[in-house]
Structures are given as C-alpha cells and as structure tokens.
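S.K.: Sending over a structure as structure tokens; questions will come in a sec.
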Amino acid sequence: CAFSGFLLSPNSILEELNLHSNRFNDDVAISLATYLASNSTLKRLNLSSNRGITNLGWQALSAVLENPYSALEKLDLGSNRINDDAVISFANSLTNNTKVTVLLIAGNRNITNNGWAAFSRMLCNKLSIMDTYLSNHTLQKFCVDRFLPNDLRSLLRLNRENSKSEAARLKIVSHHFRGNFNMQPFIDMELKVFPRAIAWMAKDEINDTMYRFIRITPSLFE
C-alpha cells in the first residue's frame with residue numbers, strides 16, 4: 001500500500017492520516033492493521049466512507065487498539081457498514097486502551113442496542129469492583145447520528161469531566177456502594193486494595209456511603 005512507507009519508517013513523524021472514501025476492502029484493511037501495529041506516532045486516523053470493509057477487516061483494525069505502543073487518540077469510522085459484531089470487537093479492544101479519546105461512528109445504521117450495550121460494558125463493567133476498575137476511563141466522545149443511551153452518555157461524561165482515577169472511583173462508588181451493596185467483594189478483596197476502596201468511599205461527599213459501610217462492618221473500625 002502506498003501509505004506503508006509513512007507508517008513503517010523508523011523516522012516517521014506522521015501524526016494524522018486521512019483515508020476517507022478510498023473504497024478500501026478487507027485486504028487493504030488487514031494490510032493497514034499490520035502497518036499500524038508497528039507505528040507509534042499516528043494520533044488521528046480517518047477511515048470514514050470505506051464501505052467495502054466488512055467485519056473481517058474491522059476486526060483486524062480493532063486489534064490495533066490493544067497495542068500499548070499505539071498513539072491513536074482519534075478514530076473516524078463514520079459512514080461505513082459497521083454492525084454489532086464489529087462494534088463488539090472495537091469495544092473489547094478499547095477496554096484497556098489508554099489513548100483513544102474520540103471515536104466517530106456516525107452513519108453506521110446497523111448498530112443496535114446490543115452494540116451500544118457492548119460500549120457501555122467497555123466503559124463500566126459492573127461484574128465486580130475490579131472489573132469496573134479495569135474498565136475504560138479514557139474514551140470521552142462518540143459522534144453518532146442518533147441519541148445515545150442515557151447510561152452511555154453518562155459514562156462518557158464521567159470520563160470527560162474527571163481524571164482517569166477519579167472516573168474509576170465514581171463508577172465504583174455509583175455501581176457497587178449504593179443502596180444495600182454486597183459485602184462479598186470486600187471479603188474477596190486483596191488486603192493491599194482494601195484501604196483504597198475505603199478511601200474512595202470516604203471521598204464521596206454527596207451520599208452516606210461511608211456511614212452505611214461503617215454500620216455494616218463495625219469490627220473493622222474498632
């Protein structure tokens with residue numbers, strides 16, 4: 001591919017690549033993914049309106065986001081034929097990504113509630129405290145041509161308005177320390193993590209989370 005020289009050069013300083021409306025297919029997408037896997041300078045990539053790429057190509061490209069050396073911060077996938085399967089691939093790859101802040105996916109009409117749910121889980125996996133902690137606290141903005149589900153908009157706003165550590169704390173407090181919260185996570189929690197969990201609750205100035213926790217576990221504070 002013509003752009004391979006720019007991406008593979010050890011002296012590359014390329015930070016933005018616009019490949020909008022190039023009629024790419026899966027073969028080109030897979031080749032591009034291979035080149036991107038070795039690149040650590042590109043920050044903005046526009047792949048909008050390449051409707052010849054199917055799930056196979058999108059899965060290859062999504063894997064690039066798992067590379068800790070990737071510098072990508074903004075990814076434009078607008079006006080393609082991305083469906084729920086492709087969305088799930090991107091959501092899985094973004095879970096541990098700490099660079100991408102903007103994902104543009106407007107014009108992909110085949111994304112259903114299942115796809116949006118995958119993005120929500122990526123931003124806040126509620127399965128356990130540790131899963132929530134290890135969720136994505138970096139992605140800040142979607143560009144879509146429809147209203148996002150309320151929970152997804154709220155999670156993006158948390159990431160956008162807070163540091164990563166504070167976003168993680170707020171998600172954990174909100175989803176694990178509200179109401180009659182389950183004590184089992186504390187029983188299973190590593191000793192070195194336990195003080196941090198208590199400290200996070202103590203920072204919650206709006207609700208009585210810490211007060212209720214002390215009432216439930218008075219022996220810990222004797």
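Naming scheme: A, B, ... for chains in displayed order of the structure tokens; residues 1 onward per chain; ligands 1 onward as shown.
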Would you pick out the contacts of stretch 160-162 of chain A at 9 Å or less, using only C-alpha atoms, so that residues sharing its chain but fewer than 3 positions from it are not included, and give the list as a list in words?

M.R.: Thr101, His137, Thr138, Leu139, Gln140, Lys141, Leu155, Leu156, Arg157, Ser165, Glu166 and Ala167 of chain A

S.K.: Write down as a count of residues only the residues of stretch 49-164 of chain A whose backbone DSSP state falls under strand (DSSP E or B).

M.R.: 12

S.K.: From a backbone DSSP assignment, name each residue in stretch 15-204 of chain A labelled helix (DSSP H, G or I), as an MDAnalysis selection string.

M.R.: chainID A and resid 26:36 55:66 84:94 113:123 129:133 150:161 164:176 184:188 194:202

S.K.: Hey, which of A:Asn92, A:Asn125, A:Asn97, A:Asn83 ends up closest to A:Leu56? Count only C-alpha atoms.

M.R.: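 Using only C-alpha atoms, the shortest distance to A:Leu56 belongs to A:Asn83.
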
S.K.: Report, in Å to a single decimal, how far apart atom CA of A:Ala37 and atom CA of A:Arg81 are.

M.R.: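 Between these atoms lies a distance of 23.2 Å.
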
S.K.: Please identify all polymer residues within 9 Å of stretch 106-111 of chain A, counting only C-alpha atoms, omitting same-chain residues fewer than 5 positions from it, and present them as a list in words.

M.R.: Ser49, Asp76, Leu77, Gly78, Ser79, Asn80, Arg81, Ile82, Asn83, Asp84, Asp85, Val87, Trp116, Phe142, Cys143, Val144, Asp145 and Arg146 of chain A

S.K.: Can you write out the residues you just picked, keeping N, CA and C atoms, as a PDB file, in the first residue's frame?

M.R.:
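And here's part.pdb as it stands now:
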```
ATOM      1  N   SER A  49     -16.305   6.294   5.357  1.00  0.00           N
ATOM      2  CA  SER A  49     -16.793   6.047   3.990  1.00  0.00           C
ATOM      3  C   SER A  49     -15.915   5.078   3.207  1.00  0.00           C
ATOM      4  N   ASP A  76     -11.899   7.929  13.201  1.00  0.00           N
ATOM      5  CA  ASP A  76     -13.139   8.243  12.487  1.00  0.00           C
ATOM      6  C   ASP A  76     -13.541   7.038  11.640  1.00  0.00           C
ATOM      7  N   LEU A  77     -14.655   6.400  12.034  1.00  0.00           N
ATOM      8  CA  LEU A  77     -15.177   5.233  11.321  1.00  0.00           C
ATOM      9  C   LEU A  77     -16.556   5.529  10.739  1.00  0.00           C
ATOM     10  N   GLY A  78     -16.862   6.779  10.534  1.00  0.00           N
ATOM     11  CA  GLY A  78     -18.196   7.185  10.100  1.00  0.00           C
ATOM     12  C   GLY A  78     -18.570   6.693   8.717  1.00  0.00           C
ATOM     13  N   SER A  79     -19.881   6.530   8.518  1.00  0.00           N
ATOM     14  CA  SER A  79     -20.466   6.195   7.214  1.00  0.00           C
ATOM     15  C   SER A  79     -19.868   4.937   6.604  1.00  0.00           C
ATOM     16  N   ASN A  80     -19.737   3.895   7.410  1.00  0.00           N
ATOM     17  CA  ASN A  80     -19.321   2.590   6.924  1.00  0.00           C
ATOM     18  C   ASN A  80     -20.459   1.587   7.120  1.00  0.00           C
ATOM     19  N   ARG A  81     -20.137   0.324   7.031  1.00  0.00           N
ATOM     20  CA  ARG A  81     -21.142  -0.729   7.243  1.00  0.00           C
ATOM     21  C   ARG A  81     -20.836  -1.505   8.519  1.00  0.00           C
ATOM     22  N   ILE A  82     -20.526  -0.756   9.549  1.00  0.00           N
ATOM     23  CA  ILE A  82     -20.192  -1.358  10.835  1.00  0.00           C
ATOM     24  C   ILE A  82     -21.468  -1.829  11.518  1.00  0.00           C
ATOM     25  N   ASN A  83     -21.446  -3.081  11.981  1.00  0.00           N
ATOM     26  CA  ASN A  83     -22.601  -3.640  12.679  1.00  0.00           C
ATOM     27  C   ASN A  83     -22.203  -4.017  14.103  1.00  0.00           C
ATOM     28  N   ASP A  84     -23.097  -4.713  14.804  1.00  0.00           N
ATOM     29  CA  ASP A  84     -22.850  -5.050  16.204  1.00  0.00           C
ATOM     30  C   ASP A  84     -21.598  -5.909  16.390  1.00  0.00           C
ATOM     31  N   ASP A  85     -21.347  -6.843  15.482  1.00  0.00           N
ATOM     32  CA  ASP A  85     -20.162  -7.699  15.617  1.00  0.00           C
ATOM     33  C   ASP A  85     -18.883  -6.870  15.577  1.00  0.00           C
ATOM     34  N   VAL A  87     -18.680  -3.648  16.261  1.00  0.00           N
ATOM     35  CA  VAL A  87     -18.694  -2.809  17.462  1.00  0.00           C
ATOM     36  C   VAL A  87     -18.157  -3.576  18.663  1.00  0.00           C
ATOM     37  N   TRP A 116     -24.529  -0.875  21.413  1.00  0.00           N
ATOM     38  CA  TRP A 116     -24.381   0.179  22.420  1.00  0.00           C
ATOM     39  C   TRP A 116     -24.123  -0.426  23.794  1.00  0.00           C
ATOM     40  N   PHE A 142     -18.255  10.150  21.629  1.00  0.00           N
ATOM     41  CA  PHE A 142     -18.745   9.468  20.441  1.00  0.00           C
ATOM     42  C   PHE A 142     -19.367  10.525  19.544  1.00  0.00           C
ATOM     43  N   CYS A 143     -19.265  10.355  18.256  1.00  0.00           N
ATOM     44  CA  CYS A 143     -20.035  11.170  17.329  1.00  0.00           C
ATOM     45  C   CYS A 143     -20.970  10.230  16.594  1.00  0.00           C
ATOM     46  N   VAL A 144     -22.253  10.370  16.823  1.00  0.00           N
ATOM     47  CA  VAL A 144     -23.245   9.491  16.220  1.00  0.00           C
ATOM     48  C   VAL A 144     -24.375  10.328  15.640  1.00  0.00           C
ATOM     49  N   ASP A 145     -25.231   9.687  14.849  1.00  0.00           N
ATOM     50  CA  ASP A 145     -26.346  10.407  14.253  1.00  0.00           C
ATOM     51  C   ASP A 145     -27.671   9.995  14.896  1.00  0.00           C
ATOM     52  N   ARG A 146     -27.613   9.626  16.155  1.00  0.00           N
ATOM     53  CA  ARG A 146     -28.799   9.273  16.917  1.00  0.00           C
ATOM     54  C   ARG A 146     -28.498   9.543  18.388  1.00  0.00           C
TER      55      ARG A 146
END
```

S.K.: Which of these, A:Val28, A:Cys124, A:Leu152, A:Val102, has the shortest distance to A:Trp58 once you count only C-alpha atoms?

M.R.: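 Smallest separation from A:Trp58 among the options: A:Val28.
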
S.K.: How many Å lie between atom CA of A:Leu45 and atom CA of A:Asp131, rounded to one decimal?

M.R.: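 Between atom CA of A:Leu45 and atom CA of A:Asp131 the gap works out to 29.2 Å.
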